[in-house]
Every structure is written in C-alpha cells, then in structure tokens.
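Visitor: Handing you this structure, nothing more for now.
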Amino acid sequence: MIQQIYPSVPHPYRYELNKDMHFAAAHYIPDERAGNCSELHGHTYFANLTIVGNELDECGFLVNFSLVKKLIHDRFDHSLLNGHADFTGDKQPERYPTTENVARTLCELVQSHLDGMANKPICSQVFLRETPSSYVVYRPAAGAVI
Ligand SMILES: Nc1nc2c(c(=O)[nH]1)N=C([C@H](O)[C@H](O)COP(=O)(O)OP(=O)(O)OP(=O)(O)O)CN2
Ligand SMILES: [Zn+2]
C-alpha cells in the first residue's frame, strides 16, 4: 500500500479514522469531448476515506476499518464502472464515472451505511487517485458535516 499524506481540514470531532484501499476498475467517459478517456480503459484506483465522530461502538471502533473497505471493494473491484447503476445515465454528466463522481459516490455509499449505526460516524472526505498524476478530493457540503 502506498504511503501518502492526505489533505485534511480542521473539524470538531474527537476521533478521525482514515482507511486506505485500492481497487481495479474499467471505465469510459461517454462523451467524445473527453478525448482518449471516451475509450474503454482501466485504472487501479487508490482511495483514502476519512470518517469522523465523537462516539465509539461496542468494540471501541468508530467504524471497523475492514467494513469500510468491504463496502467499496465488494462493489467496485474488477468491475466496469459504467455497468453500475450509480454511473448509468445518458447525457447526465453527474453520473459519468469521472474521478469527481466516483469520489462522491464512494462517500455517499459509505455514509448511507454509517447512517444506520448508533454512534453516527460521518464520512467527511474521500481522496481518490485515478492515475499517478491525477486525483480528486471530495468533501460533502460543510453544512452537512459539522
Ligand atoms: N477532471 C477530470 N479530468 C479527467 C478525468 C476525470 O475523471 N476528471 N479523467 C480522465 C481520464 O479518465 C484519464 O484516465 C485520466 O487522465 P489523465 O490524468 O490526463 O491521465 P494521464 O495519466 O495520461 O496523465 P499525464 O499526467 O498526462 O500522464 C481525463 N481527465
Ligand atoms: Zn480513466
């Protein structure tokens, strides 16, 4: 696993957890204006998810690291992103599997699971690297987090 310092923002929560993971996936951007990226190709994505909260669960976890990975890995590893309902929609750029949209989708997917937990953790940031030279940081609207 690559070691990297991720950008962070100050927050008022007592705990901050970070989970690194990678997954292999293929995609294409369904718009010829995306150039080469409109052709089917693949990446090994590196993701770092930041989860914050004030309370721990019965195990003393904010959330189990392995659960965070499982939610993403089981769904997207070795898959065609365009084949997922999250990224299907003609002429809907917010549903194209761009790095921006994939980062937001990872955050929303994990948050929907965290919403069911009694200690109410929050996914406050997703760092998603698509290539050695390109990455996106997604943070939900500040008002939704703090
Ligand atoms: N804002 C975005 N721009 C681009 C995205 C994207 O998701 N959001 N995606 C692509 C392509 O899918 C491509 O896989 C990545 O592009 P790029 O970083 O240009 O790839 P390179 O490795 O060739 O970059 P170099 O630094 O030139 O080696 C394109 N743009
Ligand atoms: Zn790509």
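By convention in this document, the chains of the structure tokens carry letters A, B, ... by their order, each chain's residues are numbered from 1, and ligands are numbered from 1 in the order they are shown.
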Can I get the residues close to ligand 1 as a list in words, where close means within 9 Å and we count only C-alpha atoms and all ligand atoms?
Guide: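 Listing the residues within 9 Å of ligand 1 gives His27, Tyr28, Ile29, Ala34, Gly35, Asn36, Cys37, Ser38, Glu39, His41, Gly42, His43, Tyr96, Pro97, Thr98, Thr99, Glu100, Asn101, Val102, Glu130, Thr131, Pro132, Ser133, Ser134, Tyr135 and Val136 of chain A.
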Visitor: Grab the residues selected above and save them as a tab-separated table (two decimals), in the first residue's frame with C-alpha atoms.
Guide:
```
chain	number	residue	atom	x	y	z
A	27	HIS	CA	-14.44	2.90	-17.31
A	28	TYR	CA	-15.05	5.27	-20.17
A	29	ILE	CA	-16.48	8.76	-20.23
A	34	ALA	CA	-13.36	13.64	-23.04
A	35	GLY	CA	-10.81	12.61	-25.72
A	36	ASN	CA	-8.92	9.37	-25.01
A	37	CYS	CA	-11.00	8.86	-21.88
A	38	SER	CA	-14.06	8.17	-24.00
A	39	GLU	CA	-12.44	4.85	-24.93
A	41	HIS	CA	-9.66	1.71	-20.32
A	42	GLY	CA	-8.75	0.74	-16.77
A	43	HIS	CA	-7.13	2.08	-13.61
A	96	TYR	CA	-20.44	9.71	-15.68
A	97	PRO	CA	-17.68	7.70	-13.95
A	98	THR	CA	-15.28	10.63	-13.66
A	99	THR	CA	-12.92	10.80	-10.72
A	100	GLU	CA	-15.11	13.53	-9.22
A	101	ASN	CA	-18.32	11.49	-9.48
A	102	VAL	CA	-16.68	8.26	-8.30
A	130	GLU	CA	-7.10	7.71	-10.63
A	131	THR	CA	-3.62	7.94	-12.15
A	132	PRO	CA	-0.12	8.67	-10.79
A	133	SER	CA	-0.66	12.33	-11.69
A	134	SER	CA	-4.41	12.88	-11.11
A	135	TYR	CA	-6.60	12.81	-8.04
A	136	VAL	CA	-9.74	14.38	-6.60
```
Visitor: Using backbone DSSP assignments, extract all helix (DSSP H, G or I) residues from chain A; output them as an MDAnalysis selection string.
Guide: chainID A and resid 32:38 65:76 81:83 85:87 93:95 99:114 142:145
Visitor: As a PyMOL selection string, which residues of stretch 4-117 of chain A does DSSP assign to strand (DSSP E)?
Guide: chain A and resi 15-27+41-53+79-80
Visitor: Please dump the current selection as a short mmCIF file (atom, residue, chain, number, x, y, z; two decimals), in the first residue's frame; keep C-alpha atoms.
Guide:
```cif
data_model
loop_
_atom_site.label_atom_id
_atom_site.label_comp_id
_atom_site.auth_asym_id
_atom_site.auth_seq_id
_atom_site.Cartn_x
_atom_site.Cartn_y
_atom_site.Cartn_z
CA TYR A 15 -11.99 10.85 16.53
CA GLU A 16 -10.79 10.77 12.94
CA LEU A 17 -10.23 7.48 11.17
CA ASN A 18 -8.56 7.04 7.78
CA LYS A 19 -8.73 3.96 5.62
CA ASP A 20 -6.59 3.42 2.52
CA MET A 21 -7.56 0.92 -0.15
CA HIS A 22 -7.25 0.26 -3.83
CA PHE A 23 -9.48 -1.29 -6.41
CA ALA A 24 -9.13 -2.11 -10.09
CA ALA A 25 -11.88 -0.94 -12.41
CA ALA A 26 -12.53 -0.09 -16.04
CA HIS A 27 -14.44 2.90 -17.31
CA HIS A 41 -9.66 1.71 -20.32
CA GLY A 42 -8.75 0.74 -16.77
CA HIS A 43 -7.13 2.08 -13.61
CA THR A 44 -6.00 0.90 -10.23
CA TYR A 45 -7.76 3.49 -8.09
CA PHE A 46 -6.31 4.43 -4.70
CA ALA A 47 -8.84 5.72 -2.22
CA ASN A 48 -8.48 7.21 1.24
CA LEU A 49 -11.66 7.68 3.23
CA THR A 50 -11.82 9.91 6.29
CA ILE A 51 -14.50 9.17 8.89
CA VAL A 52 -15.11 11.33 11.95
CA GLY A 53 -17.27 11.13 15.04
CA SER A 79 -15.81 -4.17 -12.39
CA LEU A 80 -16.84 -1.89 -15.22
#
```
Visitor: Of the candidates A:Arg129, A:Val9, A:His73, A:Asp90, which one gets nearest to ligand 2 if we count only C-alpha atoms and all ligand atoms?
Guide: A:Arg129
Visitor: With only C-alpha atoms and all ligand atoms as the basis for distance, which of A:Cys59, A:Ile72, A:Ala118, A:Leu81 is at the shortest distance from ligand 2?
Guide: A:Leu81
Visitor: Mind giving me the straight-line distance from atom CA of A:His113 to atom CA of A:Asn64 in Å, one decimal?
Guide: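 That distance, rounded to one decimal, is 11.9 Å.
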